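Peer 1: Got a structure for you, written out below as structure tokens; questions coming shortly.
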Amino acid sequence: MSDACPLLDVRDITVTYVRRGTSIPFTAVDRASLTINRGETVGLVGESGSGKTTISRAVLGLTPVRSGSIHFQGVDITHAGFEQRRKLSTVLQVVFQDPYGSLNPTRTIWQILAEPLQVHRHLDRRGILERVSWALAQVGMSADDAVRYPRQFSGGQRQRIAIARALMMSPKLIICDEPTSALDLSIQAQILNLLAELQRSLDLSYLFISHALSVVRHVAQRMVVLYRGTIMESGPSAVVYNRPMHPYSQMLLAAEPTMKPRSDATRRKRSAPAPRQPTGADACVFLARCPFATPVCGAEKPVLRTAGTGSLAACHNLDAVEAAVRGG
């Protein structure tokens, strides 16, 4: 793979489901694109149901893609078969949201961590023990912990074990699907710091999924904001967080709590839109909630274009949005 080639290149993918009990197709992801370079973290942000996990499942091959393409290390993996996916699992790993449900409670930590080595590499017991000890040390745990069971650890420790499992095969990219949302705030910070340290020491790349812009701002170099399967805004994390140019990004930021309850209430009131009726297929997907909507928004889907801050935003009325941002 050349340096100019992204590690992961997701290009215009569309994913559809059929609603349970009906034959009506539902578009979960609509022509979404993103890239991740070697050693980079890209944050995927949006509320529940926005399509974040669907994109990650498409990259992992757990959800079929209707159209578009996914390339990893320059190779098309959009419709990869079993053998190709088996090989990909050594360089493409995932850390799930729930540290309680992602580890098999009937197996010891040694058995959990050793499993991928037993499947993919022909190592003797000593070699496996050395690798397990190395992985546990990377996440701040002792080799003695390998003989214990998941139930004997706290939630933060279990998430460290899940990260150690992802490290076993020396991956290039780890998909972190809300890896801190089930943890206490102090433990969240520890896990985020651990992920950053591992990235620096092991040259890892992350696709970091979260519903909180404030979390992504600290861990990701770039941020992609999703709403109903459509990319609303993307750009450098600091730019999108400090000067969001799409009304939906602004609404997400306004919804995050701060230490000033009165200020929070004021921000949310300002971001609240006038009610509108649902619209047709050609309308902007955010029309019903947008405080800046004009007639063109109901007639034509906006495309991503460069805003004054340098980020990309899918909005017909960027000038009005930018004027409102400047006005405070």
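Going by the structure tokens order, chains are called A, B, ..., each with residues numbered from 1, while ligands are numbered from 1 in the order shown.
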As a ChimeraX atom specification, please: the residues near range 36-51 of chain A (cut-off 9 Å, only C-alpha atoms, same-chain neighbours under 6 positions excluded).
Peer 2: /A:3-10,28-29,172-173,199-200,202-213,216-217,219-230,237,249,252
Peer 1: So that I can see what lies close to range 293-295 of chain A, please list as a ChimeraX atom specification the residues with an atom at most 9 Å from it, counting only C-alpha atoms and leaving out residues fewer than 6 positions away in the same chain.
Peer 2: /A:286-287,316-317
Peer 1: If you run DSSP over the backbone, which residues in range 63-288 of chain A end up helix (DSSP H, G or I)? Put them as a ChimeraX atom specification.
Peer 2: /A:82-88,109-120,125-138,143-147,150-152,155-167,185-202,213-219,237-242,247-255,261-271,287-288
Peer 1: Pick out the residues sitting within 10 Å of Asp98 in chain A, and hand them over as a list of chain:residue names; count only C-alpha atoms, and ignore anything fewer than 4 positions along from it in its own chain.
Peer 2: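 Near neighbours after the sequence-gap exclusion: A:Ser102, A:Leu103, A:Gly155, A:Arg158, A:Gln159, A:Ala162, A:Asp177, A:Glu178, A:Pro179, A:Thr180, A:Ser181, A:Ala182, A:Leu183.
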Peer 1: Between A:Leu318, A:Leu312, A:Met168, A:Ile163, which one has atoms that come closest to Phe292 in chain A, using only C-alpha atoms?
Peer 2: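 That would be A:Leu318, the residue with the smallest distance to Phe292 in chain A.
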Peer 1: List as an NGL selection string the protein and nucleic acid residues near Arg11 in chain A, meaning an atom at most 10 Å away when only C-alpha atoms are counted, but skip any in the same chain fewer than 6 places from it.
Peer 2: :A and (31-35 or 67-71)
Peer 1: Residues at most 12 Å from Gly61 in chain A, counting only C-alpha atoms, excluding those fewer than 3 positions away in the same chain, as a PyMOL selection string?
Peer 2: chain A and resi 15+54-58+64-65+69-72+76-86+88-89+92-93
Peer 1: Generate a file of the selected residues that holds C-alpha atoms, formatted as a PDB file, in the first residue's frame.
Peer 2:
```
ATOM      1  CA  VAL A  15     -27.081   0.189   2.863  1.00  0.00           C
ATOM      2  CA  THR A  54     -24.305   0.314  10.120  1.00  0.00           C
ATOM      3  CA  ILE A  55     -21.254   1.850   8.430  1.00  0.00           C
ATOM      4  CA  SER A  56     -18.937  -0.027  10.773  1.00  0.00           C
ATOM      5  CA  ARG A  57     -20.806  -3.286  10.142  1.00  0.00           C
ATOM      6  CA  ALA A  58     -20.476  -2.714   6.394  1.00  0.00           C
ATOM      7  CA  PRO A  64     -24.222  -6.143   2.804  1.00  0.00           C
ATOM      8  CA  VAL A  65     -23.711  -2.970   0.787  1.00  0.00           C
ATOM      9  CA  SER A  69     -17.343   0.498  -2.526  1.00  0.00           C
ATOM     10  CA  ILE A  70     -15.091  -0.164   0.455  1.00  0.00           C
ATOM     11  CA  HIS A  71     -11.333  -0.442  -0.009  1.00  0.00           C
ATOM     12  CA  PHE A  72      -8.895  -1.473   2.725  1.00  0.00           C
ATOM     13  CA  ASP A  76     -11.703  -3.815  -2.682  1.00  0.00           C
ATOM     14  CA  ILE A  77     -13.411  -5.617   0.224  1.00  0.00           C
ATOM     15  CA  THR A  78     -16.974  -4.516  -0.556  1.00  0.00           C
ATOM     16  CA  HIS A  79     -18.153  -8.043  -1.290  1.00  0.00           C
ATOM     17  CA  ALA A  80     -15.274 -10.006   0.234  1.00  0.00           C
ATOM     18  CA  GLY A  81     -15.860 -13.735   0.662  1.00  0.00           C
ATOM     19  CA  PHE A  82     -15.243 -15.898   3.712  1.00  0.00           C
ATOM     20  CA  GLU A  83     -11.534 -16.537   3.136  1.00  0.00           C
ATOM     21  CA  GLN A  84     -10.770 -12.888   2.391  1.00  0.00           C
ATOM     22  CA  ARG A  85     -12.695 -11.816   5.492  1.00  0.00           C
ATOM     23  CA  ARG A  86     -10.833 -14.397   7.556  1.00  0.00           C
ATOM     24  CA  LEU A  88      -8.841  -9.348   7.039  1.00  0.00           C
ATOM     25  CA  SER A  89      -9.677 -10.166  10.659  1.00  0.00           C
ATOM     26  CA  LEU A  92      -9.103  -5.180  11.000  1.00  0.00           C
ATOM     27  CA  GLN A  93     -10.489  -5.468  14.534  1.00  0.00           C
TER      28      GLN A  93
END
```
Peer 1: Nearest residue to Arg151 in chain A out of A:Ile109, A:Met169, A:Leu185, A:Ile128, using only C-alpha atoms?
Peer 2: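 Ranked by minimum distance to Arg151 in chain A, first place goes to A:Ile109.
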Peer 1: Select from range 135-310 of chain A everything DSSP, run on the backbone, classes as strand (DSSP E or B), then give the selection as a count of residues only.
Peer 2: 27
Peer 1: CA of Ile174 in chain A to CA of Lys52 in chain A: how many Å, to one decimal?
Peer 2: 14.8 Å
Peer 1: Between A:Ala137, A:Ala314, A:Ala143, A:Leu194, which one has atoms that come closest to Trp110 in chain A, using only C-alpha atoms?
Peer 2: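 Checking each of A:Ala137, A:Ala314, A:Ala143, A:Leu194 against Trp110 in chain A, counting only C-alpha atoms, the winner is A:Ala143.
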Peer 1: Quick one: residues within 8 Å of Glu300 in chain A, only C-alpha atoms, excluding same-chain residues fewer than 5 positions away - as a short mmCIF file (atom, residue, chain, number, x, y, z; two decimals) with C-alpha atoms, in the first residue's frame?
Peer 2:
```cif
data_model
loop_
_atom_site.label_atom_id
_atom_site.label_comp_id
_atom_site.auth_asym_id
_atom_site.auth_seq_id
_atom_site.Cartn_x
_atom_site.Cartn_y
_atom_site.Cartn_z
CA ASP A 282 -35.94 14.80 -2.82
CA ALA A 283 -35.88 16.94 0.33
CA CYS A 284 -33.03 17.45 2.77
#
```
Peer 1: Could you check how far CA of Ile187 in chain A sits from CA of Thr108 in chain A, in Å to one decimal?
Peer 2: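 It comes out at 23.1 Å.
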